[in-house]
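S.K.: Sharing entry-v4.csv, CSV, C-alpha atoms:
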```
chain,number,residue,atom,x,y,z
N,10,MET,CA,25.0,19.3,-7.5
N,11,ARG,CA,21.4,18.1,-7.8
N,12,MET,CA,20.1,17.9,-11.3
N,13,THR,CA,16.6,19.4,-11.5
N,14,ARG,CA,13.8,17.4,-13.0
N,15,GLN,CA,13.4,20.0,-15.7
N,16,TRP,CA,17.1,19.5,-16.7
N,17,ILE,CA,16.7,15.7,-16.8
N,18,PHE,CA,13.6,15.7,-19.0
N,19,SER,CA,14.6,18.5,-21.4
N,20,HIS,CA,17.7,16.4,-22.3
N,21,TRP,CA,16.2,13.1,-23.5
N,22,HIS,CA,17.9,11.4,-26.4
N,23,ILE,CA,21.3,13.1,-26.0
N,24,SER,CA,24.2,11.1,-27.2
N,25,LEU,CA,26.8,10.7,-24.4
N,26,PRO,CA,30.4,10.0,-24.7
N,27,THR,CA,31.4,6.3,-24.5
N,28,HIS,CA,33.4,5.2,-21.5
N,29,THR,CA,35.4,2.1,-21.7
N,30,ASP,CA,34.8,1.4,-18.0
N,31,MET,CA,31.1,2.1,-18.1
N,32,GLU,CA,29.0,-0.4,-16.1
N,33,LYS,CA,26.3,-2.0,-18.2
N,34,TYR,CA,23.0,-3.2,-16.8
N,35,ASP,CA,20.0,-4.7,-18.4
N,36,TYR,CA,17.7,-3.0,-15.9
N,37,LEU,CA,18.0,0.1,-13.6
N,38,ILE,CA,15.2,-0.5,-11.1
N,39,VAL,CA,14.0,2.6,-9.1
N,40,GLY,CA,12.4,1.5,-5.9
N,41,SER,CA,12.9,-1.7,-3.9
N,42,GLY,CA,9.3,-2.3,-2.8
N,43,LEU,CA,7.3,-5.3,-4.0
N,44,PHE,CA,7.1,-4.4,-7.6
N,45,GLY,CA,10.8,-3.5,-7.9
N,46,ALA,CA,12.0,-6.4,-5.8
N,47,THR,CA,9.9,-9.0,-7.6
N,48,PHE,CA,10.9,-7.6,-11.0
N,49,ALA,CA,14.6,-7.8,-10.0
N,50,TYR,CA,14.1,-11.4,-8.9
N,51,ARG,CA,12.5,-12.5,-12.1
N,52,ALA,CA,15.1,-10.6,-14.2
N,53,ARG,CA,18.0,-12.2,-12.3
N,54,GLN,CA,16.3,-15.6,-12.8
N,55,ALA,CA,16.3,-14.8,-16.6
N,56,GLY,CA,20.1,-14.1,-16.4
N,57,LYS,CA,19.8,-10.3,-16.5
N,58,ARG,CA,22.0,-7.9,-14.6
N,59,CYS,CA,20.0,-5.4,-12.5
N,60,LEU,CA,20.8,-2.4,-10.3
N,61,VAL,CA,18.1,-1.5,-7.7
N,62,ILE,CA,18.3,1.9,-6.1
N,63,ASP,CA,16.1,3.3,-3.4
N,64,LYS,CA,16.1,6.8,-1.8
N,65,ARG,CA,15.3,5.4,1.6
N,66,PRO,CA,18.0,4.1,3.9
N,67,HIS,CA,16.6,0.6,3.6
N,68,LEU,CA,15.2,-1.9,1.1
N,69,GLY,CA,11.6,-3.1,1.0
N,70,GLY,CA,9.5,0.0,0.4
N,71,ASN,CA,6.5,0.2,2.6
N,72,VAL,CA,6.7,-3.5,3.7
N,73,TYR,CA,9.9,-2.8,5.5
N,74,CYS,CA,9.9,-4.0,9.1
N,75,GLU,CA,12.1,-2.9,12.0
N,76,SER,CA,12.9,-5.1,15.0
N,77,VAL,CA,11.9,-3.5,18.2
N,78,GLU,CA,12.2,-5.5,21.5
N,79,GLY,CA,12.2,-8.7,19.4
N,80,ILE,CA,9.0,-7.7,17.6
N,81,ASN,CA,8.8,-7.0,13.8
N,82,VAL,CA,7.2,-3.6,13.6
N,83,HIS,CA,5.5,-2.7,10.3
N,84,VAL,CA,7.1,0.8,10.0
N,85,TYR,CA,4.8,2.0,7.2
N,86,GLY,CA,1.6,0.5,8.5
N,87,ALA,CA,0.1,-3.0,8.7
N,88,HIS,CA,0.7,-5.2,5.7
N,89,ILE,CA,-1.3,-8.4,5.6
N,90,PHE,CA,-0.8,-10.6,2.6
N,91,HIS,CA,-3.9,-12.3,1.1
N,92,THR,CA,-4.7,-13.8,-2.3
N,93,SER,CA,-6.7,-16.5,-3.9
N,94,ASN,CA,-4.1,-17.0,-6.6
N,95,LYS,CA,-2.3,-20.2,-5.8
N,96,ARG,CA,0.6,-19.3,-8.1
N,97,VAL,CA,1.2,-16.1,-6.2
N,98,TRP,CA,0.9,-17.9,-2.8
N,99,ASN,CA,3.3,-20.6,-3.9
N,100,PHE,CA,5.7,-18.1,-5.2
N,101,VAL,CA,6.0,-16.0,-2.1
N,102,ASN,CA,6.2,-19.1,0.1
N,103,SER,CA,9.1,-20.3,-2.1
N,104,ILE,CA,11.0,-17.3,-1.0
N,105,VAL,CA,10.0,-17.4,2.7
N,106,GLU,CA,7.4,-19.5,4.6
N,107,PHE,CA,4.2,-17.5,5.6
N,108,ASN,CA,2.4,-18.1,8.9
N,109,ARG,CA,-1.3,-18.6,9.5
N,110,TYR,CA,-2.2,-15.1,10.6
N,111,THR,CA,-5.9,-14.3,9.9
N,112,ASN,CA,-7.0,-10.7,9.7
N,113,SER,CA,-9.9,-10.2,12.1
N,114,PRO,CA,-10.0,-6.5,13.0
N,115,VAL,CA,-12.2,-5.1,15.8
N,116,ALA,CA,-13.9,-1.7,15.8
N,117,ASN,CA,-14.1,0.4,19.0
N,118,TYR,CA,-16.9,2.9,19.0
N,119,LYS,CA,-17.3,4.8,22.3
N,120,GLY,CA,-15.8,1.9,24.3
N,121,ARG,CA,-17.9,-0.8,22.7
N,122,LEU,CA,-16.4,-3.4,20.4
N,123,TYR,CA,-17.7,-4.7,17.1
N,124,ASN,CA,-16.4,-7.4,14.8
N,125,LEU,CA,-15.4,-6.6,11.2
N,126,PRO,CA,-16.2,-7.2,8.5
N,127,PHE,CA,-20.0,-6.8,9.0
N,128,ASN,CA,-21.2,-10.3,10.0
N,129,MET,CA,-23.6,-12.0,12.4
N,130,ASN,CA,-21.3,-11.0,15.3
N,131,THR,CA,-21.6,-7.4,14.3
N,132,PHE,CA,-25.4,-7.5,13.8
N,133,TYR,CA,-25.8,-9.2,17.2
N,134,ALA,CA,-23.7,-6.4,18.9
N,135,VAL,CA,-25.7,-3.7,17.1
N,136,TRP,CA,-29.3,-5.0,17.2
N,137,GLY,CA,-29.3,-8.1,19.4
N,138,VAL,CA,-30.4,-10.3,16.5
N,139,THR,CA,-29.3,-14.0,16.6
N,140,THR,CA,-30.4,-15.4,13.3
N,141,PRO,CA,-29.6,-14.5,9.7
N,142,ALA,CA,-33.3,-14.0,9.0
N,143,GLU,CA,-33.6,-11.4,11.8
N,144,ALA,CA,-30.4,-9.6,10.6
N,145,GLN,CA,-31.6,-9.5,7.0
N,146,ALA,CA,-35.0,-8.1,8.0
N,147,LYS,CA,-33.2,-5.3,10.0
N,148,LEU,CA,-30.9,-4.5,7.1
N,149,ASP,CA,-33.8,-4.4,4.6
N,150,GLU,CA,-35.7,-2.1,6.9
N,151,GLN,CA,-32.8,0.3,7.3
N,152,ARG,CA,-31.9,0.3,3.6
N,153,ALA,CA,-35.5,1.1,2.7
N,154,GLU,CA,-35.5,4.0,5.2
N,155,ALA,CA,-32.3,5.3,3.6
N,156,VAL,CA,-33.8,5.1,0.1
N,157,ALA,CA,-37.0,6.8,1.3
N,158,ARG,CA,-35.1,9.7,2.8
N,159,MET,CA,-33.1,10.2,-0.4
N,160,GLN,CA,-36.2,10.1,-2.6
N,161,ALA,CA,-38.0,12.6,-0.3
N,162,ASP,CA,-35.1,14.9,-1.0
N,163,GLY,CA,-35.6,14.5,-4.8
N,164,ALA,CA,-32.8,12.1,-5.5
N,165,THR,CA,-33.0,8.8,-7.2
N,166,GLU,CA,-29.3,7.8,-6.8
N,167,PRO,CA,-26.9,8.4,-3.9
N,168,ARG,CA,-25.3,11.8,-4.3
N,169,ASN,CA,-22.5,11.3,-1.8
N,170,LEU,CA,-20.8,8.7,0.3
N,171,GLU,CA,-23.1,9.1,3.2
N,172,GLU,CA,-26.2,8.3,1.1
N,173,GLN,CA,-24.4,5.5,-0.6
N,174,ALA,CA,-23.3,3.8,2.7
N,175,GLN,CA,-26.8,4.1,4.2
N,176,VAL,CA,-28.4,2.6,1.1
N,177,LEU,CA,-25.9,-0.3,1.4
N,178,ILE,CA,-25.8,-1.0,5.1
N,179,GLY,CA,-28.4,1.2,6.9
N,180,CYS,CA,-28.1,4.1,9.3
N,181,ASP,CA,-27.1,2.3,12.6
N,182,ILE,CA,-24.0,0.6,11.3
N,183,TYR,CA,-23.1,3.6,9.2
N,184,GLU,CA,-23.2,6.0,12.2
N,185,ARG,CA,-21.2,3.7,14.5
N,186,LEU,CA,-18.7,2.0,12.2
N,187,ILE,CA,-18.3,4.0,9.0
N,188,LYS,CA,-18.9,7.7,9.3
N,189,GLY,CA,-16.3,8.8,11.8
N,190,TYR,CA,-13.6,6.4,10.5
N,191,THR,CA,-14.1,7.5,6.9
N,192,GLU,CA,-14.1,11.2,7.7
N,193,LYS,CA,-10.8,10.8,9.6
N,194,GLN,CA,-9.3,8.9,6.7
N,195,TRP,CA,-10.3,11.4,4.0
N,196,GLY,CA,-10.3,14.6,6.1
N,197,ARG,CA,-13.7,15.5,4.7
N,198,LYS,CA,-17.3,15.0,5.7
N,199,CYS,CA,-19.0,12.0,4.2
N,200,THR,CA,-21.5,14.3,2.6
N,201,GLU,CA,-18.7,15.9,0.7
N,202,LEU,CA,-17.2,12.6,-0.6
N,203,PRO,CA,-18.3,11.1,-3.9
N,204,ALA,CA,-20.6,8.1,-3.7
N,205,PHE,CA,-18.3,5.9,-5.9
N,206,ILE,CA,-15.7,5.6,-3.1
N,207,ILE,CA,-17.8,2.9,-1.5
N,208,LYS,CA,-19.1,0.7,-4.4
N,209,ARG,CA,-20.1,-2.1,-2.1
N,210,LEU,CA,-19.9,-3.1,1.6
N,211,PRO,CA,-19.3,-6.8,2.4
N,212,VAL,CA,-22.1,-8.3,4.5
N,213,ARG,CA,-21.9,-11.8,5.8
N,214,MET,CA,-24.9,-13.7,7.2
N,215,VAL,CA,-22.5,-16.0,9.2
N,216,PHE,CA,-20.5,-15.7,12.4
N,217,ASP,CA,-17.2,-15.2,10.6
N,218,ASN,CA,-14.7,-12.5,11.5
N,219,ASN,CA,-12.2,-13.3,8.8
N,220,TYR,CA,-11.8,-10.0,7.0
N,221,PHE,CA,-10.7,-11.4,3.7
N,222,ASN,CA,-12.5,-13.9,1.4
N,223,ASP,CA,-9.3,-15.1,-0.1
N,224,ALA,CA,-8.1,-18.7,0.0
N,225,TYR,CA,-4.7,-17.8,1.5
N,226,GLN,CA,-3.4,-15.1,3.9
N,227,GLY,CA,-0.6,-14.7,6.3
N,228,ILE,CA,2.6,-12.9,7.3
N,229,PRO,CA,6.2,-14.0,6.3
N,230,ILE,CA,7.7,-15.9,9.3
N,231,GLY,CA,10.4,-13.5,10.5
N,232,GLY,CA,8.8,-10.5,8.9
N,233,TYR,CA,8.6,-8.9,5.4
N,234,ASN,CA,12.3,-8.2,5.4
N,235,LYS,CA,12.8,-11.9,4.8
N,236,LEU,CA,10.7,-11.7,1.7
N,237,ILE,CA,12.5,-8.7,0.3
N,238,ASP,CA,16.0,-10.1,1.2
N,239,GLY,CA,15.0,-13.3,-0.7
N,240,LEU,CA,13.8,-11.5,-3.7
N,241,LEU,CA,16.9,-9.3,-3.9
N,242,ALA,CA,19.5,-12.0,-3.1
N,243,GLY,CA,22.3,-11.7,-5.6
N,244,VAL,CA,21.0,-8.4,-7.0
N,245,GLU,CA,23.1,-5.2,-6.8
N,246,THR,CA,21.4,-2.6,-4.6
N,247,VAL,CA,22.0,0.9,-3.5
N,248,THR,CA,20.1,2.7,-0.7
N,249,GLY,CA,19.9,6.3,0.3
N,250,VAL,CA,20.1,7.4,-3.4
N,251,ASP,CA,17.4,9.5,-5.2
N,252,PHE,CA,16.9,8.7,-8.8
N,253,PHE,CA,16.8,12.4,-9.5
N,254,ASP,CA,20.3,12.8,-8.1
N,255,ILE,CA,22.1,10.4,-10.5
N,256,GLY,CA,21.8,12.5,-13.7
N,257,CYS,CA,19.8,9.8,-15.5
N,258,LYS,CA,19.3,10.6,-19.2
N,259,GLN,CA,18.1,8.6,-22.1
N,260,GLY,CA,20.5,8.5,-25.0
N,261,ALA,CA,19.7,8.5,-28.7
N,262,SER,CA,20.0,4.7,-28.6
N,263,GLY,CA,17.2,4.5,-26.0
N,264,ARG,CA,19.5,3.3,-23.3
N,265,TRP,CA,19.5,5.0,-19.9
N,266,GLN,CA,22.8,6.6,-18.8
N,267,PHE,CA,23.6,7.7,-15.3
N,268,THR,CA,26.2,8.2,-12.7
N,269,MET,CA,26.2,5.1,-10.6
N,270,PRO,CA,26.8,5.5,-6.8
N,271,PRO,CA,28.7,2.8,-4.9
N,272,THR,CA,26.5,-0.3,-4.5
N,273,ASP,CA,25.7,-1.5,-0.9
N,274,GLY,CA,28.6,-3.2,0.6
N,275,CYS,CA,31.0,-1.7,-2.0
N,276,THR,CA,33.6,1.0,-1.2
N,277,SER,CA,34.5,1.9,-4.8
N,278,GLY,CA,33.6,5.4,-6.0
N,279,SER,CA,30.9,6.6,-8.4
N,280,ARG,CA,31.3,5.7,-12.1
N,281,GLU,CA,29.4,6.0,-15.3
N,282,ALA,CA,26.8,3.4,-16.1
N,283,GLU,CA,24.0,2.6,-18.5
N,284,ALA,CA,20.9,0.4,-18.5
N,285,ALA,CA,18.9,-0.9,-21.5
N,286,THR,CA,15.6,-0.5,-19.6
N,287,LEU,CA,14.4,1.7,-16.7
N,288,VAL,CA,11.9,0.2,-14.3
N,289,TYR,CA,10.4,3.1,-12.4
N,290,THR,CA,8.2,2.7,-9.3
N,291,GLY,CA,8.3,6.3,-8.0
N,292,GLN,CA,5.7,9.1,-8.3
N,293,LEU,CA,4.4,9.4,-11.8
N,294,ASP,CA,4.0,13.2,-11.8
N,295,GLU,CA,7.5,13.6,-10.4
N,296,PHE,CA,9.1,11.5,-13.2
N,297,PHE,CA,7.7,14.0,-15.8
N,298,GLY,CA,8.7,17.1,-13.8
N,299,TYR,CA,5.1,17.8,-12.8
N,300,ARG,CA,4.5,18.9,-16.3
N,301,PHE,CA,0.7,18.9,-15.9
N,302,GLY,CA,0.6,19.7,-12.2
N,303,LYS,CA,1.0,17.7,-9.0
N,304,LEU,CA,-1.2,14.7,-8.1
N,305,ASN,CA,-2.7,14.6,-4.6
N,306,TYR,CA,-2.3,11.8,-2.0
N,307,ARG,CA,-3.5,10.9,1.4
N,308,THR,CA,-0.8,10.0,3.9
N,309,VAL,CA,-0.5,8.4,7.3
N,310,ARG,CA,1.4,9.5,10.4
N,311,PHE,CA,2.4,6.9,13.1
N,312,GLU,CA,3.0,7.2,16.8
N,313,THR,CA,4.9,4.1,17.8
N,314,GLU,CA,5.4,3.2,21.5
N,315,VAL,CA,6.9,0.3,23.4
N,316,LEU,CA,4.7,-0.8,26.3
N,317,ASN,CA,5.8,-2.7,29.4
N,318,GLU,CA,3.0,-5.3,29.1
N,319,PRO,CA,2.8,-8.5,27.1
N,320,ASN,CA,-0.6,-7.9,25.6
N,321,HIS,CA,-2.2,-4.5,25.2
N,322,GLN,CA,-5.3,-4.9,23.1
N,323,GLY,CA,-5.5,-8.7,22.3
N,324,ASN,CA,-5.7,-8.1,18.6
N,325,ALA,CA,-3.4,-6.9,15.8
N,326,VAL,CA,-5.8,-4.3,14.5
N,327,VAL,CA,-8.4,-2.2,16.4
N,328,ASN,CA,-10.2,0.6,14.4
N,329,TYR,CA,-11.4,3.6,16.3
N,330,THR,CA,-14.5,4.7,14.5
N,331,GLU,CA,-15.8,7.7,16.4
N,332,ALA,CA,-14.8,11.1,15.1
N,333,ASP,CA,-13.6,12.4,18.5
N,334,VAL,CA,-10.7,9.9,18.7
N,335,PRO,CA,-8.0,11.5,16.5
N,336,TYR,CA,-6.3,8.3,15.3
N,337,THR,CA,-8.0,5.9,13.0
N,338,ARG,CA,-6.6,2.6,14.4
N,339,ILE,CA,-4.1,1.1,16.8
N,340,ILE,CA,-1.8,-1.7,15.5
N,341,GLU,CA,-0.3,-4.1,18.0
N,342,HIS,CA,2.5,-5.6,16.0
N,343,LYS,CA,3.3,-8.8,17.9
N,344,HIS,CA,-0.1,-10.3,17.1
N,345,PHE,CA,1.0,-10.6,13.4
N,346,GLU,CA,3.5,-13.3,14.3
N,347,SER,CA,2.8,-14.5,17.9
N,348,PHE,CA,-0.3,-16.6,18.7
N,349,GLY,CA,-1.8,-18.1,21.8
N,350,PRO,CA,0.7,-18.6,24.8
N,351,ALA,CA,3.6,-17.3,22.6
N,352,VAL,CA,2.2,-13.8,23.0
N,353,TYR,CA,3.3,-13.9,26.7
N,354,ALA,CA,6.8,-15.1,26.0
N,355,ASN,CA,7.8,-11.5,25.4
N,356,PRO,CA,7.0,-9.3,28.4
N,357,LYS,CA,6.8,-6.2,26.1
N,358,THR,CA,4.7,-5.1,23.2
N,359,VAL,CA,4.8,-2.4,20.5
N,360,VAL,CA,1.8,-0.4,19.4
N,361,SER,CA,1.4,2.2,16.6
N,362,ARG,CA,-1.4,4.7,16.5
N,363,GLU,CA,-2.3,5.8,12.9
N,364,TYR,CA,-3.3,9.3,11.9
N,365,SER,CA,-4.6,10.0,8.4
N,366,THR,CA,-3.7,13.4,7.0
N,367,GLU,CA,-3.5,15.4,3.9
N,368,TRP,CA,-0.2,14.9,2.0
N,369,GLN,CA,2.2,17.7,1.5
N,370,ASP,CA,5.6,17.9,-0.2
N,371,GLY,CA,8.2,16.0,1.9
N,372,MET,CA,5.6,13.5,3.3
N,373,GLU,CA,5.3,9.9,2.3
N,374,PRO,CA,2.6,9.5,-0.4
N,375,TYR,CA,0.4,6.6,0.6
N,376,TYR,CA,-3.0,6.6,-1.2
N,377,PRO,CA,-4.1,8.1,-4.5
N,378,VAL,CA,-7.0,10.6,-4.2
N,379,ASN,CA,-9.8,9.0,-6.2
N,380,ASP,CA,-11.6,12.1,-7.4
N,381,GLU,CA,-12.4,13.6,-10.8
N,382,LYS,CA,-9.5,16.2,-10.8
N,383,ASN,CA,-6.8,13.7,-9.9
N,384,SER,CA,-8.2,10.9,-12.2
N,385,ARG,CA,-8.0,13.3,-15.1
N,386,LEU,CA,-4.5,14.5,-14.3
N,387,ALA,CA,-3.3,10.9,-13.8
N,388,GLY,CA,-4.8,10.0,-17.2
N,389,GLN,CA,-2.7,12.7,-18.8
N,390,TYR,CA,0.5,11.4,-17.2
N,391,ARG,CA,-0.4,7.8,-18.2
N,392,GLU,CA,-0.8,8.8,-21.8
N,393,LEU,CA,2.6,10.5,-21.7
N,394,ALA,CA,4.1,7.4,-20.0
N,395,ALA,CA,2.8,5.2,-22.8
N,396,THR,CA,4.8,7.2,-25.4
N,397,MET,CA,8.1,6.4,-23.6
N,398,ARG,CA,10.4,3.6,-24.8
N,399,ASN,CA,12.5,1.3,-22.7
N,400,VAL,CA,10.6,2.3,-19.5
N,401,VAL,CA,8.4,0.2,-17.3
N,402,PHE,CA,6.1,2.1,-14.9
N,403,GLY,CA,4.9,-0.1,-12.1
N,404,GLY,CA,3.4,0.0,-8.6
N,405,ARG,CA,1.0,2.3,-6.8
N,406,LEU,CA,3.0,5.5,-7.2
N,407,ALA,CA,4.1,5.0,-10.8
N,408,GLU,CA,0.5,4.0,-11.8
N,409,TYR,CA,-1.3,6.3,-9.4
N,410,LYS,CA,-3.4,3.4,-8.3
N,411,TYR,CA,-4.1,1.6,-5.0
N,412,TYR,CA,-2.8,-2.0,-5.0
N,413,ASP,CA,-2.8,-4.7,-2.4
N,414,MET,CA,0.4,-6.7,-2.3
N,415,ALA,CA,-0.6,-9.9,-4.1
N,416,PRO,CA,-1.9,-8.1,-7.3
N,417,ILE,CA,1.5,-6.4,-7.6
N,418,ILE,CA,3.3,-9.7,-7.5
N,419,GLU,CA,0.7,-11.3,-9.8
N,420,GLN,CA,1.3,-8.5,-12.3
N,421,VAL,CA,5.1,-8.9,-12.3
N,422,LEU,CA,4.8,-12.7,-12.6
N,423,GLY,CA,2.7,-12.2,-15.7
N,424,MET,CA,5.2,-9.9,-17.4
N,425,GLU,CA,7.6,-10.9,-20.2
N,426,ILE,CA,11.1,-10.2,-19.0
N,427,ASP,CA,13.8,-10.7,-21.6
```
Take the structure from the file and write it as structure tokens.
M.R.:
Amino acid sequence: MRMTRQWIFSHWHISLPTHTDMEKYDYLIVGSGLFGATFAYRARQAGKRCLVIDKRPHLGGNVYCESVEGINVHVYGAHIFHTSNKRVWNFVNSIVEFNRYTNSPVANYKGRLYNLPFNMNTFYAVWGVTTPAEAQAKLDEQRAEAVARMQADGATEPRNLEEQAQVLIGCDIYERLIKGYTEKQWGRKCTELPAFIIKRLPVRMVFDNNYFNDAYQGIPIGGYNKLIDGLLAGVETVTGVDFFDIGCKQGASGRWQFTMPPTDGCTSGSREAEAATLVYTGQLDEFFGYRFGKLNYRTVRFETEVLNEPNHQGNAVVNYTEADVPYTRIIEHKHFESFGPAVYANPKTVVSREYSTEWQDGMEPYYPVNDEKNSRLAGQYRELAATMRNVVFGGRLAEYKYYDMAPIIEQVLGMEID
């Protein structure tokens, strides 16, 4: 029988009977994404015993890949690793070698293509300018026009995302490459979105289509499953098990006691277990039984298709920035790991169309909603989390914070694990 969240969290600090055959762990880790897997790796290196559980039928969280026609498909959306932290880069490459993939997305607006991020290639395509001085003059002109429009309406600071974007980049690029894409992502008009969502827009006065400024970027050779498998080598794992189904309770000693399901690859039945510390990477509000209410998210839906052609769009990522196209972008997965003539070695390709949508119960929560209501609610949950003992809350869901992959690993590498 499924234990309700209310039952679990109304029974903290209950002394449970001692079982002589009770399995003992140093850490029960909930979630096998990058935070959980990296934590488990470091704990095992420190000689600790860990159990990693995940409610999905596979390990790896959102970086999980599935092999389709010999192509590693990023099931939960494109993941491109990038960092300027040499320690982090050396660490992940010690687990699996990364390739030289460079993220250079293209934007498609009404059939015309524009390079991203905004650089001299973009400015040439929009305005026909060929020198940095010409591009800067055009940007300054359009920024001044945006400020004048805002001031004529009685405003001294941008009041919404549309005004903020136009002050930063001007009207032409905003209309073609930002407005429609952003409105599809958020499901709201740019005039209804707060200005702080876009704090800055990267502008490069060079012909450089590399999206990231980081010193290192790439994809694990053989896919992200290789990274996760390396991090979790020698660690006990269980998939297809929800944390809220194992009757996990914190005893008076502070240790976490639960009914342990059979570990992956083990046929023995369930048995009682306990862990000194809980590492939780799931939804923060769910952990506390939605005590203050539910946090909101944005989510993504994917339509994935195998095509009988070796090269569909010539690039891994193509954004569709006009509002009339329902999807936000198309990912062609083979371009993450195949380059040059190797693209044509496989006669098929796999593409995924991404649709951004409002999150509802039962959907995968992807992105926190960065508005006043959710920020306040998340703050209440974080304050409550800070009062817990023998619990580590980590990752985008447990912290209700958007993270790239490298900062998650950097965070775990900096933790004291004993």
S.K.: Can you find the residues with an atom no farther than 10 Å from (-25.2, -8.5, 2.8), counting all atoms listed in the file, and report them as a ChimeraX atom specification?
M.R.: /N:127-128,144-145,148-149,177-178,209-214
S.K.: Write out as a list in words each polymer residue whose atoms come within 12 Å of Ala224 (chain N), counting only C-alpha atoms; drop sequence neighbours fewer than 3 positions from it.
M.R.: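 Counting only C-alpha atoms, the residues come to Phe90, His91, Thr92, Ser93, Asn94, Lys95, Arg96, Val97, Trp98, Arg109, Thr111, Asn219, Tyr220, Phe221 and Gly227 of chain N.
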S.K.: Return as CSV the residues of region 292-383 of chain N lying at most 8 Å from region 407-418 of chain N, together with the closest atom-to-atom pair for each and the distance in Å to one decimal, counting all atoms listed in the file, with rows in chain order and ascending residue number.
M.R.:
```
residue,atom,partner,partner_atom,distance
N:Gln292,CA,N:Ala407,CA,5.1
N:Leu293,CA,N:Ala407,CA,4.5
N:Tyr376,CA,N:Tyr411,CA,6.4
N:Pro377,CA,N:Tyr409,CA,5.9
```
S.K.: If I take CA of Ala174 (chain N) and CA of Arg152 (chain N), how far is one from the other in Å, to one decimal?
M.R.: 9.3 Å
S.K.: Applying 12 Å and all atoms listed in the file, which residues near Ala153 (chain N) remain after dropping the ones on its own chain fewer than 6 positions away? List them as a list in words.
M.R.: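 Once the adjacent positions are removed, what remains is Ala146, Lys147, Met159, Gln160, Glu172, Gln175, Val176, Leu177, Ile178, Gly179 and Cys180 of chain N.
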S.K.: So how far away is CA of Thr330 (chain N) from CA of Lys188 (chain N), in Å?
M.R.: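 Computed distance, CA of Lys188 (chain N) to CA of Thr330 (chain N), equals 7.4 Å.
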S.K.: For Leu186 (chain N), which residue out of N:Asp162, N:Glu331, N:Asp294, N:Glu281 is the nearest one, using all atoms listed in the file?
M.R.: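 Smallest distance to Leu186 (chain N) is found for N:Glu331.
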S.K.: Would you mind telling me which residue in N:Arg53, N:Asp223, N:Leu170, N:Asp35 lies nearest to Cys199 (chain N) when using all atoms listed in the file?
M.R.: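 Comparing N:Arg53, N:Asp223, N:Leu170, N:Asp35 against Cys199 (chain N), the winner is N:Leu170.
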S.K.: Find the spatial neighbours of Arg121 (chain N), counting only C-alpha atoms, within a cut-off of 12 Å - ignore same-chain residues fewer than 2 positions away - and output them as a ChimeraX atom specification.
M.R.: /N:115-119,123-124,131,134-135,185-186,327-331
